[in-house]
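Shown next: query.txt, containing compact mmCIF, C-alpha atoms.
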```
# COMPACT_ATOMS: atom_id res chain seq x y z
CA MET J 1 27.47 62.11 52.61
CA THR J 2 28.62 59.85 55.47
CA GLU J 3 31.22 61.37 57.77
CA LEU J 4 34.62 59.70 57.63
CA MET J 5 35.86 57.65 60.59
CA TYR J 6 39.33 59.09 60.06
CA LYS J 7 38.81 62.72 59.22
CA ARG J 8 41.15 65.30 57.79
CA PRO J 9 42.59 67.05 60.86
CA ARG J 10 41.46 70.65 61.18
CA PRO J 11 44.18 73.25 61.84
CA GLU J 12 42.23 74.71 64.78
CA ASN J 13 42.77 71.36 66.55
CA TYR J 14 46.54 71.37 65.99
CA ASN J 15 47.41 72.28 69.57
CA GLY J 16 45.21 69.51 70.93
CA HIS J 17 46.83 67.02 68.59
CA LYS J 18 50.24 68.36 69.62
CA ALA J 19 49.54 67.88 73.33
CA LEU J 20 48.32 64.33 72.75
CA HIS J 21 51.28 63.57 70.51
CA ASP J 22 53.72 64.70 73.19
CA LEU J 23 51.91 62.57 75.77
CA GLN J 24 52.02 59.65 73.37
CA GLU J 25 55.69 59.92 72.46
CA SER J 26 57.35 60.99 75.71
CA ASP J 27 57.34 58.82 78.81
CA ALA J 28 58.61 61.79 80.84
CA ILE J 29 55.80 64.11 79.75
CA PHE J 30 53.23 61.38 80.31
CA ARG J 31 54.51 60.73 83.84
CA GLU J 32 54.33 64.46 84.53
CA PHE J 33 50.78 64.56 83.14
CA VAL J 34 49.69 61.73 85.44
CA ALA J 35 51.12 63.61 88.43
CA ASP J 36 49.93 67.10 87.49
CA ARG J 37 47.71 67.50 84.43
CA ASP J 38 47.34 71.28 84.72
CA THR J 39 51.06 72.00 84.65
CA VAL J 40 51.50 69.99 81.47
CA LEU J 41 48.42 71.38 79.73
CA ASP J 42 49.45 74.95 80.60
CA ARG J 43 52.25 74.58 78.03
CA TYR J 44 49.79 74.27 75.15
CA ASP J 45 47.57 77.02 73.85
CA LEU J 46 44.37 75.01 74.28
CA ASP J 47 40.86 76.38 74.26
CA ASP J 48 38.74 75.55 77.29
CA GLU J 49 36.87 72.70 75.62
CA MET J 50 40.01 70.97 74.32
CA ARG J 51 41.77 71.38 77.65
CA ALA J 52 38.87 69.79 79.52
CA LEU J 53 38.57 66.92 77.03
CA ILE J 54 42.24 66.00 77.50
CA ALA J 55 42.30 66.59 81.26
CA ASP J 56 39.21 64.43 81.71
CA ALA J 57 40.43 61.80 79.22
CA ASP J 58 37.10 62.14 77.45
CA TYR J 59 37.89 59.83 74.55
CA ALA J 60 34.52 60.03 72.80
CA GLY J 61 34.50 63.78 73.24
CA LEU J 62 37.96 64.11 71.70
CA VAL J 63 36.87 62.15 68.63
CA LYS J 64 33.70 64.24 68.38
CA ARG J 65 35.79 67.39 68.62
CA GLY J 66 37.82 66.21 65.61
CA ILE J 67 40.92 64.70 67.20
CA HIS J 68 42.16 61.85 65.01
CA ALA J 69 40.72 58.58 66.31
CA VAL J 70 44.07 56.81 66.16
CA MET J 71 45.60 59.41 68.48
CA VAL J 72 42.66 59.06 70.82
CA VAL J 73 42.92 55.28 71.09
CA GLN J 74 46.65 55.53 71.73
CA PHE J 75 45.96 58.07 74.48
CA GLN J 76 43.36 55.69 75.91
CA ARG J 77 45.76 52.72 75.85
CA ARG J 78 48.40 54.86 77.56
CA ILE J 79 45.98 55.91 80.30
CA GLU J 80 44.11 52.67 80.85
CA TRP J 81 46.61 49.97 79.92
CA GLY J 82 49.90 51.77 80.57
CA MET J 83 50.80 50.74 77.05
CA SER J 84 53.18 52.67 74.86
CA LEU J 85 52.82 52.29 71.14
CA ALA J 86 55.22 55.18 70.74
CA ALA J 87 58.26 55.23 68.59
CA ASP J 88 59.58 56.70 71.86
CA LYS J 89 61.87 59.63 71.34
CA ASP J 90 62.87 60.00 74.99
CA MET N 1 38.15 26.83 63.33
CA ALA N 2 38.11 29.91 61.21
CA THR N 3 41.52 29.49 59.65
CA THR N 4 41.70 28.50 56.01
CA VAL N 5 44.83 27.30 54.28
CA HIS N 6 45.17 26.86 50.53
CA PRO N 7 48.77 25.81 49.92
CA THR N 8 49.93 25.56 46.33
CA PRO N 9 53.44 24.95 45.06
CA HIS N 10 55.61 27.87 44.09
CA GLU N 11 55.65 28.49 40.39
CA ALA N 12 56.84 31.11 37.99
CA HIS N 13 54.68 34.19 38.35
CA PRO N 14 51.98 34.19 35.73
CA GLY N 15 51.00 37.30 33.89
CA GLU N 16 53.01 39.88 32.04
CA GLY N 17 55.51 42.40 33.24
CA ALA N 18 58.00 42.70 36.05
CA SER N 19 57.30 41.03 39.35
CA VAL N 20 59.02 40.72 42.67
CA ASP N 21 59.97 37.27 43.95
CA LEU N 22 57.84 37.02 47.08
CA THR N 23 54.64 38.82 48.07
CA TYR N 24 52.75 38.75 51.34
CA CYS N 25 49.98 40.83 52.88
CA VAL N 26 49.72 40.41 56.66
CA SER N 27 47.94 41.96 59.63
CA HIS N 28 49.82 43.83 62.35
CA ALA N 29 47.35 44.50 65.22
CA PRO N 30 49.09 45.19 68.57
CA GLN N 31 47.10 42.35 70.15
CA ILE N 32 48.97 39.86 67.95
CA PHE N 33 52.05 40.76 69.99
CA LEU N 34 50.34 41.44 73.33
CA GLN N 35 48.36 38.17 73.18
CA PRO N 36 45.52 39.21 75.52
CA ALA N 37 43.73 36.41 77.37
CA GLU N 38 40.53 36.88 75.37
CA GLU N 39 42.23 35.99 72.09
CA ASP N 40 42.66 32.32 71.09
CA PRO N 41 46.34 31.33 71.54
CA ALA N 42 46.12 28.77 68.75
CA GLU N 43 44.84 31.37 66.28
CA LEU N 44 47.51 33.85 67.36
CA ALA N 45 50.14 31.13 66.92
CA THR N 46 48.92 30.66 63.34
CA VAL N 47 49.54 34.35 62.68
CA HIS N 48 52.98 34.17 64.29
CA GLU N 49 53.84 31.16 62.13
CA GLY N 50 52.72 33.11 59.07
CA TYR N 51 55.32 35.78 59.87
CA ARG N 52 58.03 33.14 60.21
CA ARG N 53 56.84 31.61 56.94
CA PHE N 54 57.74 34.68 54.88
CA ALA N 55 61.07 34.93 56.71
CA ARG N 56 61.94 31.33 55.78
CA GLN N 57 60.88 31.83 52.19
CA ALA N 58 62.95 35.00 51.90
CA LYS N 59 65.97 32.99 52.99
CA GLU N 60 65.21 30.06 50.68
CA LEU N 61 64.81 32.42 47.74
CA GLU N 62 68.09 34.16 48.64
CA LEU N 63 66.43 37.57 48.37
CA ASP N 64 68.61 40.67 48.32
CA ALA N 65 66.06 42.48 50.48
CA LEU N 66 62.58 42.24 51.90
CA LEU N 67 60.60 45.45 51.47
CA VAL N 68 58.24 45.85 54.39
CA VAL N 69 55.46 48.24 53.39
CA ALA N 70 53.57 49.50 56.42
CA LEU N 71 52.38 52.77 57.91
CA ASP N 72 52.73 55.22 60.75
CA HIS N 73 50.06 55.69 63.40
CA LEU N 74 50.87 59.41 63.86
CA HIS N 75 54.10 58.72 65.72
CA ASN N 76 56.88 59.86 63.41
CA HIS N 77 54.72 61.50 60.77
CA PHE N 78 52.81 63.92 62.94
CA LEU N 79 50.83 66.82 61.51
CA ASP N 80 53.96 68.96 61.11
CA LEU N 81 54.70 67.00 57.94
CA VAL N 82 52.77 64.08 56.48
CA PRO N 83 54.51 62.45 53.52
CA MET N 84 52.51 60.07 51.33
CA PHE N 85 55.37 57.63 50.66
CA THR N 86 58.56 57.43 52.73
CA VAL N 87 61.55 55.18 52.02
CA PHE N 88 63.75 54.43 55.02
CA THR N 89 67.39 54.80 53.99
CA GLY N 90 69.15 54.50 57.34
CA THR N 91 70.71 51.55 59.13
CA PRO N 92 69.86 49.44 61.02
CA VAL N 93 66.08 49.02 60.83
CA VAL N 94 64.57 49.53 64.28
CA ALA N 95 60.90 48.99 65.05
CA ARG N 96 59.53 49.41 68.57
CA MET N 97 56.43 48.73 70.59
CA ASN N 98 55.96 48.96 74.34
CA ALA N 99 59.72 49.44 74.78
CA VAL N 100 60.57 46.23 72.93
CA ASP N 101 62.72 46.53 69.81
CA ALA N 102 62.91 44.52 66.62
CA ILE N 103 66.23 45.26 64.95
CA CYS N 104 66.99 44.09 61.43
CA GLU N 105 69.80 44.51 58.94
CA ALA N 106 69.15 47.28 56.41
CA ARG N 107 70.23 47.79 52.80
CA PRO N 108 70.65 51.59 52.53
CA ASP N 109 72.41 51.13 49.17
CA LEU N 110 69.33 49.46 47.71
CA ALA N 111 67.05 52.00 49.38
CA ASP N 112 68.95 54.86 47.73
CA SER N 113 68.78 53.03 44.42
CA LEU N 114 65.03 52.61 44.80
CA ILE N 115 64.53 56.30 45.52
CA ASP N 116 66.49 57.24 42.42
CA HIS N 117 64.31 54.92 40.37
CA LEU N 118 61.09 56.23 41.89
CA LEU N 119 62.10 59.83 41.19
CA ALA N 120 62.74 58.86 37.58
CA SER N 121 59.32 57.19 37.51
CA ASP N 122 57.17 60.22 38.41
CA PHE N 123 57.04 59.48 42.15
CA ASP N 124 58.44 61.90 44.71
CA PRO N 125 58.94 59.88 47.88
CA ALA N 126 60.26 61.32 51.10
CA PHE N 127 63.13 59.55 52.77
CA SER N 128 64.24 59.12 56.36
CA GLN N 129 67.62 58.08 57.69
CA ARG N 130 66.46 57.94 61.29
CA GLU N 131 63.03 56.72 62.21
CA VAL N 132 62.05 54.24 64.90
CA LEU N 133 59.24 52.44 63.14
CA ASP N 134 55.97 51.72 64.87
CA HIS N 135 53.99 48.56 65.59
CA SER N 136 52.91 48.17 61.97
CA PHE N 137 56.52 47.10 61.35
CA PHE N 138 57.33 45.78 64.80
CA VAL N 139 54.65 43.10 65.13
CA PRO N 140 55.53 41.10 61.99
CA LEU N 141 59.28 41.68 62.34
CA HIS N 142 59.33 40.69 66.03
CA PHE N 143 58.02 37.22 65.24
CA ALA N 144 59.78 36.88 61.88
CA SER N 145 63.13 37.91 63.32
CA THR N 146 63.83 34.49 64.83
CA GLU N 147 64.20 33.16 61.30
CA LEU N 148 64.77 36.32 59.26
CA GLU N 149 68.22 36.56 57.70
CA THR N 150 67.24 38.84 54.82
CA PRO N 151 67.89 42.59 55.05
CA VAL N 152 64.78 44.73 55.42
CA MET N 153 63.83 47.89 53.50
CA PRO N 154 60.96 49.76 55.21
CA ILE N 155 58.51 51.88 53.22
CA VAL N 156 55.93 53.96 55.08
CA ILE N 157 52.58 54.77 53.44
CA ASN N 158 50.24 57.46 54.72
CA ALA N 159 47.22 55.29 55.42
CA TYR N 160 45.40 57.17 58.18
CA VAL N 161 45.68 60.93 57.73
CA PRO N 162 43.48 62.34 54.97
CA PRO N 163 44.22 63.08 52.26
CA GLN N 164 45.93 59.76 51.58
CA PRO N 165 47.25 58.34 48.30
CA SER N 166 44.67 56.46 46.26
CA MET N 167 44.70 52.68 45.94
CA ARG N 168 45.52 53.02 42.26
CA ARG N 169 48.46 55.29 43.08
CA CYS N 170 49.70 52.77 45.66
CA TYR N 171 49.37 49.99 43.07
CA ALA N 172 51.38 52.06 40.59
CA PHE N 173 54.01 52.65 43.30
CA GLY N 174 54.27 48.87 43.62
CA ARG N 175 54.62 48.49 39.86
CA ALA N 176 57.54 50.93 40.01
CA ILE N 177 59.16 48.77 42.71
CA ALA N 178 58.80 45.69 40.51
CA LYS N 179 60.33 47.49 37.54
CA TRP N 180 63.25 48.66 39.71
CA SER N 181 63.97 45.12 40.89
CA HIS N 182 63.72 43.81 37.33
CA LEU N 183 65.99 46.46 35.78
CA ASN N 184 68.65 45.91 38.44
CA ASP N 185 68.27 42.13 38.63
CA TYR N 186 67.58 42.33 42.36
CA ARG N 187 65.75 39.52 44.09
CA ILE N 188 63.14 41.31 46.16
CA GLY N 189 60.26 40.32 48.40
CA VAL N 190 57.46 42.62 49.52
CA VAL N 191 55.53 42.21 52.76
CA ALA N 192 52.65 44.63 53.21
CA THR N 193 51.22 45.01 56.72
CA GLY N 194 47.75 46.19 57.70
CA GLY N 195 44.10 45.13 57.79
CA MET N 196 41.79 43.54 57.55
CA SER N 197 38.67 45.46 58.60
CA HIS N 198 39.07 47.31 61.89
CA TYR N 199 38.19 50.69 63.37
CA PRO N 200 40.70 51.68 66.06
CA GLY N 201 39.60 54.58 68.23
CA THR N 202 36.02 54.63 67.01
CA ASP N 203 32.69 53.37 68.33
CA ARG N 204 32.86 50.58 65.73
CA PHE N 205 35.96 49.03 67.34
CA HIS N 206 34.08 45.85 68.30
CA HIS N 207 32.21 45.71 65.00
CA PRO N 208 34.63 45.19 62.12
CA ASP N 209 33.07 44.68 58.70
CA LEU N 210 33.48 40.91 58.44
CA ALA N 211 31.40 40.76 55.26
CA ALA N 212 33.82 43.18 53.63
CA ASP N 213 36.72 40.96 54.74
CA GLN N 214 35.16 37.98 52.98
CA GLU N 215 34.35 40.03 49.90
CA VAL N 216 37.95 41.23 49.61
CA LEU N 217 39.31 37.71 50.19
CA GLY N 218 37.00 36.50 47.44
CA TRP N 219 38.36 39.09 45.02
CA LEU N 220 41.92 38.11 45.86
CA LYS N 221 41.25 34.39 45.48
CA ALA N 222 39.77 35.11 42.06
CA GLY N 223 42.70 37.31 41.09
CA ASP N 224 40.35 40.27 40.70
CA ILE N 225 42.82 42.88 41.89
CA ASP N 226 41.02 45.68 40.04
CA ARG N 227 38.10 45.42 42.46
CA LEU N 228 40.42 46.12 45.35
CA ILE N 229 42.44 48.92 43.82
CA ASN N 230 39.31 50.69 42.60
CA LEU N 231 38.08 51.18 46.16
CA SER N 232 37.79 54.90 46.91
CA ALA N 233 39.13 56.62 50.00
CA ALA N 234 35.58 56.92 51.36
CA GLU N 235 34.86 53.22 50.75
CA LEU N 236 38.09 52.15 52.48
CA ASP N 237 37.20 54.33 55.46
CA ARG N 238 33.65 52.96 55.60
CA ILE N 239 34.71 49.29 55.61
CA GLY N 240 37.61 49.82 58.01
CA MET N 241 40.33 49.13 55.47
CA VAL N 242 42.31 52.35 55.15
CA GLU N 243 45.44 50.29 55.81
CA LEU N 244 44.93 48.21 52.66
CA ARG N 245 46.80 50.91 50.76
CA THR N 246 49.90 48.94 51.79
CA TRP N 247 48.39 45.83 50.21
CA ALA N 248 47.88 47.73 46.97
CA VAL N 249 51.62 48.46 46.90
CA ALA N 250 52.44 44.79 47.40
CA LEU N 251 49.96 43.67 44.76
CA GLY N 252 51.40 46.20 42.33
CA ALA N 253 54.87 44.84 43.00
CA ARG N 254 53.53 41.33 42.41
CA GLY N 255 51.88 42.49 39.18
CA GLY N 256 50.39 40.32 36.49
CA ALA N 257 47.61 38.03 37.55
CA ALA N 258 48.23 38.23 41.29
CA ARG N 259 46.24 35.41 42.82
CA LEU N 260 46.00 34.33 46.41
CA ARG N 261 47.69 30.97 46.90
CA TYR N 262 47.94 30.70 50.67
CA ASN N 263 45.96 32.31 53.38
CA THR N 264 44.97 32.21 56.99
CA TYR N 265 42.17 34.35 58.38
CA TRP N 266 40.68 34.68 61.82
CA ASP N 267 38.08 37.08 63.19
CA SER N 268 39.56 38.23 66.49
CA GLY N 269 36.45 40.21 67.40
CA HIS N 270 37.98 43.60 66.57
CA CYS N 271 39.98 42.84 63.43
CA GLY N 272 40.29 40.11 60.83
CA TYR N 273 43.82 38.76 61.18
CA ALA N 274 45.13 37.63 57.81
CA ILE N 275 48.29 36.14 56.39
CA LEU N 276 48.11 36.09 52.59
CA GLU N 277 50.70 34.94 50.08
CA PHE N 278 50.44 35.72 46.37
```

Please lay out the structure from this file as structure tokens.
Amino acid sequence: MTELMYKRPRPENYNGHKALHDLQESDAIFREFVADRDTVLDRYDLDDEMRALIADADYAGLVKRGIHAVMVVQFQRRIEWGMSLAADKD
Amino acid sequence: MATTVHPTPHEAHPGEGASVDLTYCVSHAPQIFLQPAEEDPAELATVHEGYRRFARQAKELELDALLVVALDHLHNHFLDLVPMFTVFTGTPVVARMNAVDAICEARPDLADSLIDHLLASDFDPAFSQREVLDHSFFVPLHFASTELETPVMPIVINAYVPPQPSMRRCYAFGRAIAKWSHLNDYRIGVVATGGMSHYPGTDRFHHPDLAADQEVLGWLKAGDIDRLINLSAAELDRIGMVELRTWAVALGARGGAARLRYNTYWDSGHCGYAILEF
């Protein structure tokens, strides 16, 4: 059976999704992340692999790990294009 | 020139059963708003004009409301709670992208009425009174808003986070909308946003399934809606059309022998941009 492009999120990846969601939705958290990635990522209970994937903005690695591809592309657009697709709750 | 237009005069909806008064299925890719240099301005202008087209028609038809059926790209409906169908019942309607807002008049009274009807029709939608809608609403509404005088009723479908509602369930949801408008003598339009084939965030981003786009357009031109609404979740994922669940809602609301009577289509290189009227 072919693997889905948009997979059912696994609960063990919740904290990674949560960190990326906060970076996606909050301009303030994203600015803080750009200035000091470790301080921001310390707030999430991430395993070593997930922490490195986010800190290194390893988009392909995040998808491979099981992070939803839509969240990854929005993270990528935030990092590379400075674009916010967020509903913006700041 | 990849755009095709098949205009036909408006006529009474053929087929049996309740039907809404206006039905569109349109794309909503962020690039349609951002207008990057690599995308043909003339083709983008055709899409923008398509958005204004449904706004003008909504006014001409003196609709009570325009239901915009779109989705959420994991902004508001994060993994804490993922509803399958959400009716926005607040006011006003606010959609946002890149810190730009599209603000439209709402009809919370009609939205509440619709929820009551859906609950009586074996659907259990969520509702939201405060939700800044994402680019799936913003892109069409931003361009339509210059001519849009009709109140908007947003409905959010879970298109991206498995498990999603089936195409047949989305079609049935649309049938319930049509029945609600008929029973209450409301004049309603439905604009579904999404598609066509695209794969955001994946290694297929630059390789949309253009053959699938043409196959689906062929079905719609022939009025063969069953082919579309029988697509499985796995098939939609494979051909890059998970968002077409919104189209199934619109086609259900259209009902009867829904047949494509106007369309534009352009392959942007990452997504087939379509404006379809039924």

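Across the structure, CA of Leu61 in chain N and CA of Thr150 in chain N are spaced 9.9 Å apart.
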
Pick from J:Leu20, J:Leu41, J:Met83, J:Ala52: nearest to chain N, with all atoms listed in the file counted?
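Nearest candidate to chain N out of J:Leu20, J:Leu41, J:Met83, J:Ala52: J:Met83.
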
In Å and to one decimal, CA of Gly195 in chain N is distant from CA of Asn98 in chain N by 20.7 Å

Counting only C-alpha atoms, chain N residues within 9 Å of chain J, as number ranges by chain:
N: 30, 73-76, 78-79, 95-99, 131-135, 160-163, 199-203, 234, 237-238, 240, 242

Please determine the residues with any atom at most 12 Å from (64.4, 38.2, 48.8) (coordinates as given in the file, with all atoms listed in the file counting) and report them as a JSON list (two decimals) with C-alpha atoms, in the coordinates of the input.
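Dumped to selection_12.json:
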```json
[["chain", "number", "residue", "atom", "x", "y", "z"],
["N", 20, "VAL", "CA", 59.02, 40.72, 42.67],
["N", 21, "ASP", "CA", 59.97, 37.27, 43.95],
["N", 22, "LEU", "CA", 57.84, 37.02, 47.08],
["N", 23, "THR", "CA", 54.64, 38.82, 48.07],
["N", 24, "TYR", "CA", 52.75, 38.75, 51.34],
["N", 54, "PHE", "CA", 57.74, 34.68, 54.88],
["N", 55, "ALA", "CA", 61.07, 34.93, 56.71],
["N", 56, "ARG", "CA", 61.94, 31.33, 55.78],
["N", 57, "GLN", "CA", 60.88, 31.83, 52.19],
["N", 58, "ALA", "CA", 62.95, 35.00, 51.90],
["N", 59, "LYS", "CA", 65.97, 32.99, 52.99],
["N", 60, "GLU", "CA", 65.21, 30.06, 50.68],
["N", 61, "LEU", "CA", 64.81, 32.42, 47.74],
["N", 62, "GLU", "CA", 68.09, 34.16, 48.64],
["N", 63, "LEU", "CA", 66.43, 37.57, 48.37],
["N", 64, "ASP", "CA", 68.61, 40.67, 48.32],
["N", 65, "ALA", "CA", 66.06, 42.48, 50.48],
["N", 66, "LEU", "CA", 62.58, 42.24, 51.90],
["N", 67, "LEU", "CA", 60.60, 45.45, 51.47],
["N", 68, "VAL", "CA", 58.24, 45.85, 54.39],
["N", 107, "ARG", "CA", 70.23, 47.79, 52.80],
["N", 148, "LEU", "CA", 64.77, 36.32, 59.26],
["N", 149, "GLU", "CA", 68.22, 36.56, 57.70],
["N", 150, "THR", "CA", 67.24, 38.84, 54.82],
["N", 151, "PRO", "CA", 67.89, 42.59, 55.05],
["N", 152, "VAL", "CA", 64.78, 44.73, 55.42],
["N", 153, "MET", "CA", 63.83, 47.89, 53.50],
["N", 181, "SER", "CA", 63.97, 45.12, 40.89],
["N", 185, "ASP", "CA", 68.27, 42.13, 38.63],
["N", 186, "TYR", "CA", 67.58, 42.33, 42.36],
["N", 187, "ARG", "CA", 65.75, 39.52, 44.09],
["N", 188, "ILE", "CA", 63.14, 41.31, 46.16],
["N", 189, "GLY", "CA", 60.26, 40.32, 48.40],
["N", 190, "VAL", "CA", 57.46, 42.62, 49.52],
["N", 191, "VAL", "CA", 55.53, 42.21, 52.76]]
```

Close residues, Ala55 in chain J itself excluded, 10 Å, only C-alpha atoms, min 2 positions apart in chain, as a ChimeraX atom specification:
/J:33-34,36-38,40-41,49-53,57-58

CA of Gly66 in chain J to CA of Arg169 in chain N: how many Å, to one decimal?
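Computed distance, CA of Gly66 in chain J to CA of Arg169 in chain N, equals 27.2 Å.
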
J:Asn13, J:Asp47, J:Ile54, J:Asp42 ranked by distance to Ile79 in chain J, top pick (using all atoms listed in the file):
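Of J:Asn13, J:Asp47, J:Ile54, J:Asp42, the one nearest Ile79 in chain J, counting all atoms listed in the file, is J:Ile54.
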
Taking (57.0, 60.1, 46.4) in the file's coordinates as the center, which residues reach within 10 Å of it, counting only C-alpha atoms, put as a list of chain:residue names?
N:Pro83, N:Met84, N:Phe85, N:Thr86, N:Val87, N:Ile115, N:Leu118, N:Leu119, N:Ser121, N:Asp122, N:Phe123, N:Asp124, N:Pro125, N:Ala126, N:Phe127, N:Ile157, N:Phe173

Which residues are near Phe88 in chain N? Cut-off 8 Å, only C-alpha atoms, ignore same chain within fewer than 4 positions. Put them as a list in words.
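My reading of the contact set: Pro108, Ala111, Phe127, Ser128, Gln129, Arg130, Glu131, Met153, Pro154, Ile155 and Val156 of chain N.
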
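The list of residues with at least one atom within 10 Å of Tyr51 in chain N, based on all atoms listed in the file and without residues fewer than 5 positions apart in the same chain, reads N:Tyr24, N:Val26, N:Ser27, N:Ala45, N:Thr46, N:Arg56, N:Val139, N:Pro140, N:Leu141, N:His142, N:Phe143, N:Ala144, N:Ser145, N:Thr146, N:Glu147, N:Leu148, N:Val191, N:Ile275.
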
Using the file's own x, y and z axes, so that the box edges lie along x, y and z, what centre and edge lengths in Å (one decimal) does a box around every listed atom of range 54-58 of chain J get when 3 Å is added on each side? Give it as lines of an AutoDock Vina configuration file.
```
center_x = 39.7
center_y = 64.2
center_z = 79.6
size_x = 11.2
size_y = 10.8
size_z = 10.3
```
